[in-house]
Structures are given as C-alpha cells and as structure tokens.
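So this block is entry-v3.cif, mmCIF, C-alpha atoms:
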data_target
#
loop_
_atom_site.label_atom_id
_atom_site.label_comp_id
_atom_site.auth_asym_id
_atom_site.auth_seq_id
_atom_site.Cartn_x
_atom_site.Cartn_y
_atom_site.Cartn_z
CA MET U 52 134.97 139.50 117.53
CA ILE U 53 136.40 136.84 119.82
CA ILE U 54 135.68 139.02 122.83
CA ALA U 55 132.13 139.56 121.62
CA ALA U 56 131.68 135.84 121.21
CA LEU U 57 133.01 135.20 124.72
CA LEU U 58 130.69 137.84 126.14
CA LEU U 59 127.78 136.21 124.36
CA VAL U 60 128.68 132.81 125.81
CA THR U 61 129.01 134.38 129.25
CA GLN U 62 125.53 135.79 128.97
CA VAL U 63 124.12 132.50 127.74
CA VAL U 64 125.52 130.56 130.71
CA ALA U 65 124.57 133.25 133.22
CA GLN U 66 121.05 133.39 131.84
CA ASP U 67 120.54 129.64 131.80
CA PRO U 68 117.16 129.37 133.55
CA ARG U 69 118.23 126.16 135.24
CA LEU U 70 120.77 128.10 137.30
CA GLU U 71 118.00 130.16 138.87
CA ARG U 72 117.78 127.42 141.47
CA LEU U 73 121.07 128.75 142.84
CA ASP U 74 121.37 131.86 144.96
CA PRO U 75 122.72 134.88 143.06
CA ASP U 76 126.29 134.67 144.37
CA THR U 77 126.55 130.96 143.69
CA ARG U 78 124.94 131.37 140.28
CA SER U 79 127.46 134.04 139.35
CA ALA U 80 130.40 131.94 140.52
CA VAL U 81 129.17 128.81 138.72
CA ALA U 82 128.60 130.79 135.53
CA ALA U 83 132.15 132.15 135.76
CA VAL U 84 133.58 128.64 136.08
CA ALA U 85 131.44 127.43 133.19
CA ASP U 86 132.53 130.37 131.05
CA SER U 87 136.18 129.68 131.78
CA ALA U 88 135.70 126.05 130.85
CA ASN U 89 133.88 126.96 127.69
CA GLY U 90 136.62 129.40 126.79
CA VAL U 91 139.17 126.62 126.66
CA GLY U 92 136.88 124.21 124.86
CA LEU U 93 135.77 122.09 127.80
CA PRO U 94 132.16 120.89 128.05
CA VAL U 95 129.90 123.12 130.11
CA GLU U 96 126.98 120.78 130.70
CA PRO U 97 128.73 118.56 133.30
CA ILE U 98 129.56 121.67 135.30
CA ILE U 99 125.96 122.87 135.23
CA GLN U 100 124.69 119.43 136.18
CA ARG U 101 127.06 119.25 139.14
CA ALA U 102 125.80 122.63 140.34
CA LEU U 103 122.19 121.51 139.94
CA GLU U 104 122.95 118.32 141.86
CA GLY U 105 124.30 120.40 144.71
CA ALA U 106 121.31 122.71 144.66
CA THR U 107 118.81 119.85 144.71
CA LYS U 108 120.69 118.14 147.51
CA GLY U 109 120.67 121.33 149.56
CA ALA U 110 124.44 121.88 149.58
CA SER U 111 125.83 125.26 150.53
CA GLY U 112 126.88 127.69 147.85
CA ALA U 113 130.53 127.40 148.84
CA ARG U 114 130.37 123.62 148.52
CA ILE U 115 128.74 123.85 145.11
CA VAL U 116 131.30 126.31 143.81
CA ALA U 117 134.16 124.18 145.13
CA ALA U 118 132.69 121.11 143.43
CA VAL U 119 132.30 122.75 140.04
CA ARG U 120 135.78 124.30 140.20
CA ARG U 121 137.28 120.92 140.97
CA LEU U 122 135.29 119.35 138.15
CA ALA U 123 136.47 121.98 135.66
CA VAL U 124 140.08 121.35 136.62
CA ASP U 125 139.62 117.59 136.32
CA LEU U 126 137.94 117.93 132.92
CA GLY U 127 141.00 119.85 131.78
CA THR U 128 143.30 117.12 133.06
CA ALA U 129 141.19 114.52 131.29
CA ARG U 130 141.42 116.37 128.02
CA LEU U 131 145.16 116.72 128.36
CA THR U 132 145.30 112.95 128.77
CA LEU U 133 142.87 111.90 126.05
CA GLY U 134 143.50 114.68 123.55
CA THR U 135 141.41 117.44 122.10
CA SER U 136 139.26 115.10 120.05
CA ALA U 137 137.79 113.43 123.15
CA SER U 138 134.04 113.83 123.45
CA ALA U 139 132.24 115.26 126.47
CA PRO U 140 131.06 111.81 127.67
CA GLU U 141 134.60 110.49 127.33
CA LEU U 142 135.96 113.38 129.35
CA GLU U 143 133.37 112.86 132.09
CA ALA U 144 134.18 109.17 132.27
CA ALA U 145 137.90 109.95 132.29
CA VAL U 146 137.37 112.29 135.24
CA ALA U 147 135.69 109.47 137.13
CA ALA U 148 138.54 107.09 136.30
CA LEU U 149 141.21 109.59 137.33
CA ARG U 150 139.39 110.38 140.58
CA ALA U 151 139.11 106.68 141.28
CA GLY U 152 142.87 106.38 141.09
CA ALA U 153 143.65 105.40 137.52
CA THR U 154 146.80 106.98 136.21
CA PRO U 155 146.93 109.25 133.16
CA GLN U 156 149.29 106.69 131.61
CA VAL U 157 146.61 104.00 131.77
CA LEU U 158 144.08 106.32 130.17
CA ALA U 159 146.50 107.28 127.42
CA HIS U 160 147.26 103.60 126.78
CA LEU U 161 143.54 102.87 126.64
CA ARG U 162 143.12 105.59 124.04
CA ASP U 163 145.83 103.92 121.97
CA VAL U 164 144.42 100.39 122.06
CA ARG U 165 140.68 100.95 121.80
CA ARG U 166 138.61 102.45 119.06
CA PRO U 167 136.48 105.36 120.31
CA PRO U 168 134.19 106.01 122.01
CA LEU U 169 136.08 105.17 125.20
CA THR U 170 133.23 106.17 127.52
CA MET U 171 132.26 102.68 128.64
CA ALA U 172 135.81 101.42 129.06
CA LEU U 173 136.70 104.42 131.20
CA SER U 174 133.52 104.06 133.24
CA VAL U 175 134.09 100.37 133.86
CA LEU U 176 137.61 101.18 134.99
CA ALA U 177 136.26 103.78 137.43
CA ASP U 178 133.50 101.49 138.68
CA LEU U 179 135.85 98.57 139.25
CA VAL U 180 138.09 100.73 141.42
CA ALA U 181 135.03 102.04 143.23
CA SER U 182 134.12 98.42 143.97
CA GLY U 183 137.42 97.93 145.74
CA VAL U 184 139.58 96.58 142.93
CA PRO U 185 143.10 98.04 143.15
CA ALA U 186 143.57 100.70 140.52
CA ASP U 187 146.50 98.94 138.87
CA SER U 188 144.59 95.64 138.65
CA ALA U 189 141.51 97.36 137.25
CA GLY U 190 143.64 99.25 134.74
CA ALA U 191 145.42 96.10 133.62
CA ALA U 192 142.14 94.23 133.22
CA VAL U 193 140.44 96.94 131.19
CA LEU U 194 143.53 97.37 129.02
CA ALA U 195 143.61 93.63 128.37
CA LEU U 196 139.96 93.57 127.33
CA ALA U 197 139.87 96.91 125.55
CA PRO U 198 141.18 95.98 122.09
CA GLN U 199 138.43 93.48 121.31
CA ALA U 200 135.66 93.58 123.90
CA ARG U 201 132.38 95.27 123.12
CA ASP U 202 130.91 97.77 125.55
CA ALA U 203 128.42 95.13 126.65
CA ASP U 204 131.26 92.70 127.34
CA LEU U 205 132.96 95.25 129.57
CA VAL U 206 129.74 95.83 131.51
CA ASP U 207 129.24 92.09 131.95
CA PHE U 208 132.83 91.76 133.12
CA ARG U 209 132.30 94.49 135.71
CA ARG U 210 129.09 92.86 136.91
CA ALA U 211 130.78 89.47 137.21
CA VAL U 212 133.61 90.93 139.27
CA GLU U 213 131.19 92.85 141.49
CA ARG U 214 129.14 89.70 142.01
CA ASP U 215 132.22 87.76 143.05
CA ILE U 216 133.23 90.53 145.45
CA ALA U 217 129.75 90.55 146.97
CA LEU U 218 130.10 86.80 147.52
CA GLY U 219 133.31 87.37 149.43
CA ALA U 220 136.10 87.16 146.89
CA PRO U 221 139.02 89.56 147.30
CA PRO U 222 138.54 92.30 144.65
CA GLY U 223 141.94 91.85 143.01
CA ALA U 224 141.57 88.09 142.83
CA ALA U 225 138.04 88.35 141.47
CA THR U 226 139.29 90.60 138.70
CA SER U 227 142.15 88.35 137.65
CA VAL U 228 140.04 85.19 137.80
CA ARG U 229 137.29 86.72 135.67
CA LEU U 230 139.84 88.15 133.28
CA ASN U 231 141.60 84.83 132.81
CA ALA U 232 138.31 83.00 132.38
CA GLY U 233 137.13 85.48 129.80
CA ALA U 234 140.41 85.60 127.91
CA LEU U 235 139.69 82.11 126.61
CA ASP U 236 136.70 83.23 124.65
CA VAL U 237 136.53 86.99 124.42
CA SER U 238 136.95 87.06 120.66
CA SER U 239 133.66 85.24 120.14
CA GLY U 240 131.62 87.77 122.02
CA SER U 241 131.35 85.63 125.14
CA PRO U 242 131.61 84.93 128.03
CA TYR U 243 130.58 88.29 129.40
CA SER U 244 127.88 89.04 126.89
CA GLY U 245 124.45 87.66 127.54
CA ASN U 246 121.13 88.23 125.87
CA PRO U 247 119.65 90.84 128.15
CA ALA U 248 116.01 91.77 127.92
CA ARG U 249 115.28 95.38 127.00
CA PRO U 250 115.31 97.76 128.68
CA ARG U 251 118.41 96.85 130.63
CA ARG U 252 119.26 97.77 134.19
CA PRO U 253 122.11 100.15 135.03
CA MET C 284 117.46 100.62 114.48
CA PHE C 285 117.72 97.47 116.50
CA GLU C 286 119.55 96.48 119.64
CA PRO C 287 121.92 93.50 119.76
CA GLY C 288 120.19 90.63 121.46
CA ASP C 289 116.72 91.71 120.37
CA GLU C 290 114.69 88.49 120.14
CA THR C 291 112.79 89.51 117.02
CA VAL C 292 115.97 90.40 115.20
CA GLU C 293 117.63 87.19 116.34
CA ARG C 294 114.68 85.15 114.99
CA LEU C 295 114.87 87.02 111.70
CA ILE C 296 118.59 86.35 111.45
CA GLN C 297 118.06 82.64 112.14
CA HIS C 298 115.38 82.53 109.45
CA LEU C 299 117.60 84.21 106.88
CA ARG C 300 120.48 81.88 107.68
CA ARG C 301 118.51 78.74 106.88
CA PRO C 302 119.77 76.96 103.75
CA VAL C 303 117.75 77.70 100.65
CA ALA C 304 116.72 74.75 98.47
CA MET C 305 118.35 75.05 95.07
CA ASP C 306 117.43 73.51 91.75
CA ALA C 307 119.64 70.45 91.27
CA GLY C 308 120.37 71.45 87.67
CA LEU C 309 121.38 74.98 88.51
CA ASP C 310 125.10 74.34 88.61
CA ALA C 311 125.04 72.62 85.24
CA ARG C 312 123.07 75.43 83.61
CA VAL C 313 125.35 78.09 85.03
CA MET C 314 128.46 76.30 83.82
CA ARG C 315 126.89 75.87 80.38
CA GLU C 316 126.12 79.57 80.12
CA ILE C 317 129.67 80.42 81.11
CA ALA C 318 131.11 78.07 78.54
CA GLN C 319 128.92 79.55 75.78
CA ALA C 320 129.73 83.14 76.67
CA SER C 321 131.72 85.11 74.13
CA SER C 322 135.18 86.36 74.90
CA PRO C 323 135.21 88.59 77.93
CA ARG C 324 134.62 92.21 77.26
CA ARG C 325 135.63 94.91 79.55
CA ARG C 326 132.67 97.08 80.37
CA VAL C 327 133.52 100.73 80.35
CA TRP C 328 131.15 103.14 81.99
CA PRO C 329 130.60 106.41 80.29
CA LEU C 330 132.44 109.14 82.10
CA PRO C 331 129.32 110.89 83.48
CA TRP C 332 128.17 107.65 85.16
CA SER C 333 131.60 107.13 86.69
CA VAL C 334 131.61 110.63 88.07
CA ALA C 335 128.07 110.22 89.40
CA ALA C 336 128.99 106.95 91.11
CA ALA C 337 132.07 108.49 92.68
CA ALA C 338 130.03 111.46 93.86
CA ALA C 339 127.42 109.13 95.35
CA VAL C 340 130.07 107.18 97.25
CA LEU C 341 131.69 110.40 98.47
CA GLY C 342 128.31 111.75 99.53
CA ALA C 343 127.49 108.58 101.44
CA VAL C 344 130.82 108.72 103.25
CA LEU C 345 130.34 112.36 104.12
CA VAL C 346 126.87 111.68 105.48
CA ALA C 347 127.89 108.58 107.43
CA ARG C 348 131.10 110.20 108.76
CA PRO C 349 132.66 106.91 109.84
CA TRP C 350 135.60 108.79 111.36
CA ALA C 351 133.39 110.74 113.76
CA ARG C 352 134.21 110.00 117.42
CA ASN C 353 130.78 110.72 118.84
CA ALA C 354 128.09 108.08 118.49
CA THR C 355 125.33 110.29 119.83
CA SER C 356 122.60 108.47 117.95
CA ARG C 357 123.14 105.29 119.98
CA ALA C 358 120.67 105.96 122.76
CA ASP C 359 119.70 103.21 125.15
CA THR C 360 116.57 102.62 127.24
CA LEU C 361 117.27 101.84 130.86
CA GLN C 362 114.92 100.70 133.58
CA PHE C 363 115.45 102.09 137.05
CA VAL C 364 113.98 100.13 139.96
CA LEU C 365 113.88 100.72 143.70
CA ILE C 366 112.18 98.47 146.22
CA ALA C 367 110.70 100.74 148.87
CA PRO C 368 107.45 99.33 150.28
CA GLN C 369 107.11 102.06 152.88
CA ALA C 370 107.63 104.97 150.51
CA ALA C 371 104.81 107.33 149.58
CA SER C 372 106.69 108.76 146.61
CA VAL C 373 109.96 108.12 144.80
CA SER C 374 111.56 110.33 142.16
CA LEU C 375 114.49 109.53 139.93
CA VAL C 376 116.85 112.50 139.72
CA GLY C 377 120.16 112.84 137.97
CA ASP C 378 122.28 114.40 135.27
CA PHE C 379 119.68 113.34 132.69
CA ASN C 380 116.85 115.49 134.12
CA ASP C 381 118.68 118.47 135.62
CA TRP C 382 118.31 116.92 139.08
CA ASP C 383 114.67 117.97 139.07
CA PRO C 384 112.51 115.65 141.20
CA ALA C 385 109.40 116.70 139.32
CA ARG C 386 110.68 115.43 135.98
CA SER C 387 110.83 111.68 136.61
CA PRO C 388 108.36 110.52 139.25
CA MET C 389 108.44 106.72 139.57
CA GLN C 390 105.42 104.43 139.45
CA THR C 391 104.84 101.74 142.04
CA ALA C 392 103.34 98.30 142.15
CA HIS C 393 103.42 96.59 145.56
CA GLY C 394 106.29 98.74 146.76
CA ILE C 395 108.44 98.21 143.67
CA TRP C 396 109.08 101.60 142.14
CA ALA C 397 110.13 101.75 138.52
CA THR C 398 110.59 104.01 135.55
CA ALA C 399 112.35 103.76 132.22
CA LEU C 400 114.37 106.45 130.48
CA ARG C 401 115.99 106.66 127.09
CA LEU C 402 119.49 108.02 127.49
CA ALA C 403 122.07 109.19 124.99
CA PRO C 404 125.63 107.88 125.36
CA GLY C 405 127.35 109.25 128.44
CA ARG C 406 128.08 108.70 132.10
CA TYR C 407 125.29 109.87 134.37
CA ARG C 408 125.12 110.40 138.12
CA TYR C 409 121.74 109.85 139.71
CA ALA C 410 119.91 108.98 142.91
CA PHE C 411 116.43 108.19 144.19
CA LEU C 412 114.60 110.78 146.27
CA VAL C 413 112.21 109.00 148.62
CA ASN C 414 109.28 110.94 150.09
CA GLY C 415 110.91 114.14 148.92
CA VAL C 416 113.54 114.08 151.67
CA GLU C 417 115.56 110.87 151.73
CA TRP C 418 118.34 110.27 149.23
CA ARG C 419 119.11 106.68 148.26
CA ALA C 420 121.64 105.21 145.87
CA ASP C 421 120.62 102.50 143.42
CA PRO C 422 121.56 99.17 145.05
CA GLY C 423 121.80 97.61 141.60
CA ALA C 424 124.28 100.06 140.12
CA PRO C 425 127.84 101.21 140.79
CA ALA C 426 128.14 103.86 143.48
CA ALA C 427 129.43 107.34 142.73
CA LYS C 428 132.44 107.46 144.99
CA ASP C 429 133.19 111.11 144.37
CA ASP C 430 129.98 112.44 145.89
CA GLU C 431 130.83 115.91 147.14
CA PHE C 432 127.46 116.78 148.61
CA GLY C 433 127.23 114.22 151.38
CA THR C 434 124.46 112.03 150.01
CA PRO C 435 124.70 108.77 148.12
CA SER C 436 124.53 108.66 144.33
CA SER C 437 124.95 106.03 141.66
CA VAL C 438 126.30 106.07 138.14
CA VAL C 439 125.09 104.60 134.89
CA THR C 440 126.95 104.61 131.60
CA VAL C 441 125.52 104.38 128.12
CA GLY C 442 128.45 103.55 125.94
CA GLY C 443 127.24 104.09 122.43
CA ARG C 444 128.77 100.89 121.07
CA GLY C 445 126.75 97.80 121.78
CA SER C 446 126.14 98.73 125.38
#

Kindly return the structure encoded in the file as structure tokens.
Amino acid sequence: MIIAALLLVTQVVAQDPRLERLDPDTRSAVAAVADSANGVGLPVEPIIQRALEGATKGASGARIVAAVRRLAVDLGTARLTLGTSASAPELEAAVAALRAGATPQVLAHLRDVRRPPLTMALSVLADLVASGVPADSAGAAVLALAPQARDADLVDFRRAVERDIALGAPPGAATSVRLNAGALDVSSGSPYSGNPARPRRP
Amino acid sequence: MFEPGDETVERLIQHLRRPVAMDAGLDARVMREIAQASSPRRRVWPLPWSVAAAAAVLGAVLVARPWARNATSRADTLQFVLIAPQAASVSLVGDFNDWDPARSPMQTAHGIWATALRLAPGRYRYAFLVNGVEWRADPGAPAAKDDEFGTPSSVVTVGGRGS
C-alpha cells in the first residue's frame, strides 16, 4: 500500500503539466528529487518553483537539477532544525536564513522564543544578512525582537536598518542602533510599526 | 476580515471608544435594585443545556483550531512597482505565478509599471522581465542572494501575522 502510494505520488509529480517546460531528462531528474522530498515529508512546491525559475531564466538542465537537489537538502536541514511541525513557508524561510549564514542554533532558539508562524522572523533574519549585517548581529537582533514584535514590526525594523545602511551606516552599527532605539518602545507596537496604506510594497 | 492600520477600521474603533453619555440616576437605580434583590440563588442549568453548551464550545475550538501552526488564511495584497520609462513591456514573474511571464503582465503609466497581487503567507522569489529578455530585481525589496541561475531576483515575505 505504501509503495502504491509512493508510485502514485511519483506519477503525480512527473505528470505535473508545469514541468513540461523542462526537457525530458531534466524533468525526470527534477521529478525524482521532488518524489524523494515528498517521501520524507518535505514540501514539493518550492522544488518545482525553483525548477520553473531555472527554466524561465534559460538555465541549463544540469544547473536546474543541481539547484533543486541543493534546495531539497537544505529543506531537510531546515526541518531538522525547526522540527517536523514546521510549515512549508517556515522551511523555505529557514533555508534562506541558513544560506545567508545564520546558524541552526539561532533558528532553534528563535523557534523557542517566538510563537509560530516563524516565516517573517526567519525572512527578516535572512534579508538583514543579505543587506550586509553580520550573521551573528542579525541573529541577535531578531532574537531580541522575536518574543514580542509583530511581523509588521520586524519588517519595519529591517527597512529602517536597510535605510541606514543605504545612507552610509555600517551594517552592524545600524542594526544595534535601531535595536536599542526600538527596545524602548517595542511593547507598545512602535516604533517600527507605521500605518501603511494598502496594498503595501514588498 | 480587516487589515491592521485600515483607516476605516481605525475610524470605527475611535467612534466606538468615545464615552457614552449615561443617565445620572443610573447608578442609584442599579444600587437600589441590588439592595432589593432576594437572597442570591444559584442558577443550575438543566443537564441537556450544559452538555449542549460544552459541545458548542468544543465545536468552536475544533473549528478555530487555535493550536494550528499554519495561518494560510492571512493573505496580503502587495503592489509591485518598477520604474522603466524605456520599456515596451514588463512582466512580474516569481514563485507565485510559476515563473510564467504571461500570467502577470504589468500596466504602465508614464513609465511606471505596476501590478498588485494577493499572496498567501510565505516567502516568494520574484523578478521583473523587461521587454521579454532583461531580468531586473526589485530595487525596493530585499535581494535574493542565493540566485543560482545568474540573474537578479528579489524576495518578498507574507508573514501571516500582522504583516
């Protein structure tokens, strides 16, 4: 029965019409990676999207397959870190944070101090590091904010730090200054939260 | 459903928070009624009503599932904008539309290209495809640093909790 179910899943992934944009060899390899991921309970959709991204961007089959294999491995690492109850968006965000340089220990600590979903906190952590903030400083800042800050507060914090960096502030200093400024008033929903018009910008 | 910060909702909240004018004799009448009340009696619900109430509470909890980790219902509308006065066409492509340039063509006004999408919680990679050949990242969003295909991409996150 389990084998039959796995075979059915294999056929479903292989027959996904979206994968027809890939050449047959690449499609087969991507489907195999997706099946393996699905077999161990990892989300399949991020793997398919990464393959489609490669196809649309004109990447070679070998490059696409390498990318999806790496993503599957990283999703597994993320789940080991966050636990089996982590959602697909949380796992994707955790992959980004880990790739940015955050340690599994920081992610595990974040899971302990913040009520789920952790998607935004993990993403902000990844984006801060991508902006040039040292991984340990970004991790410390997000961990400090995580227990009480809303998702919107975390986004505003990231924007404030990025703005300071764009104006010439050293990334680590910008993070600590914004963190210390916000720590005075984070419990009241400010200072990072504004009253943004809808729809918001990314 | 409303979004935090919605102006209409904020006005409604302000209106509801305004003090309500009360009858000056209200307190006295209430205290008089209390004083005249007979000795307190404990109200006992018949067993069927108690069971029904418990079942209703249990049903509400089961439906609401407050322990559930996924807040998939918390979608968010995002506006994507690219200033490209020289472009003849711009498409928004990303994880939210299977990286299909035909799915989200952007509209322009004086070289400002824009479109809005409603996205479920998650972290999405995306990019702008200008004139069908040129890939551009969103200058107003974090960059995807782990781009493995040699072209720039951006990321946007919908958090699902007041994002």

Please check the contacts: residues of chain U at most 9 Å away from chain C, using all atoms listed in the file, listed as a VMD selection string. chain U and resid 69 97 99 to 101 103 to 111 114 to 115 118 136 to 141 143 to 144 147 150 to 151 166 to 172 174 to 175 178 to 179 181 to 182 201 to 206 245 to 253

On this structure, the PyMOL selection byres ((chain U and resi 77-93) around 6) would catch which residues? List them as a PyMOL selection string, sorted by chain and number. chain U and resi 61+64-65+73-76+94-95+112

By how many Å are atom CA of Gly183 of chain U and atom CA of Ile216 of chain U apart? 8.5 Å

Which polymer residues, whether protein, DNA or RNA, lie within 6 Å of the coordinate (109.2, 94.0, 145.8) when you count only C-alpha atoms? List them as a list in words, using the chain letters and numbers from the file.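 Using only C-alpha atoms, the matching residues come out as Ile366, Gly394 and Ile395 of chain C.
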
In Å, rounded to a single decimal, give me how far atom CA of Leu365 of chain C is from atom CA of Trp396 of chain C. 5.1 Å

Identify all residues satisfying the PyMOL selection byres ((chain U and resi 190-197) around 7) in the given file; provide them as a VMD selection string. chain U and resid 153 157 161 164 to 165 172 176 186 to 189 198 to 200 230

What's the separation between atom CA of Pro68 of chain U and atom CA of Ser387 of chain C, in Å to one decimal place?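 Separation of atom CA of Pro68 of chain U and atom CA of Ser387 of chain C: 19.0 Å.
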
Given the point (141.4, 106.4, 133.8) in the file's coordinates, find the residues that have an atom at most 6 Å from it, counting only C-alpha atoms, and give them as a compact mmCIF listing (two decimals) with C-alpha atoms, in the frame of the given file.
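Saved as out-v3.txt:
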# COMPACT_ATOMS: atom_id res chain seq x y z
CA ALA U 145 137.90 109.95 132.29
CA ALA U 148 138.54 107.09 136.30
CA LEU U 149 141.21 109.59 137.33
CA ALA U 153 143.65 105.40 137.52
CA THR U 154 146.80 106.98 136.21
CA LEU U 158 144.08 106.32 130.17
CA LEU U 173 136.70 104.42 131.20

Would you give the centre and edge lengths, in Å to one decimal, of a box along x, y and z around the listed atoms of segment 109-112 of chain U, with 6 Å added to each side, as lines of an AutoDock Vina configuration file?
center_x = 123.8
center_y = 124.5
center_z = 149.2
size_x = 18.2
size_y = 18.4
size_z = 14.7
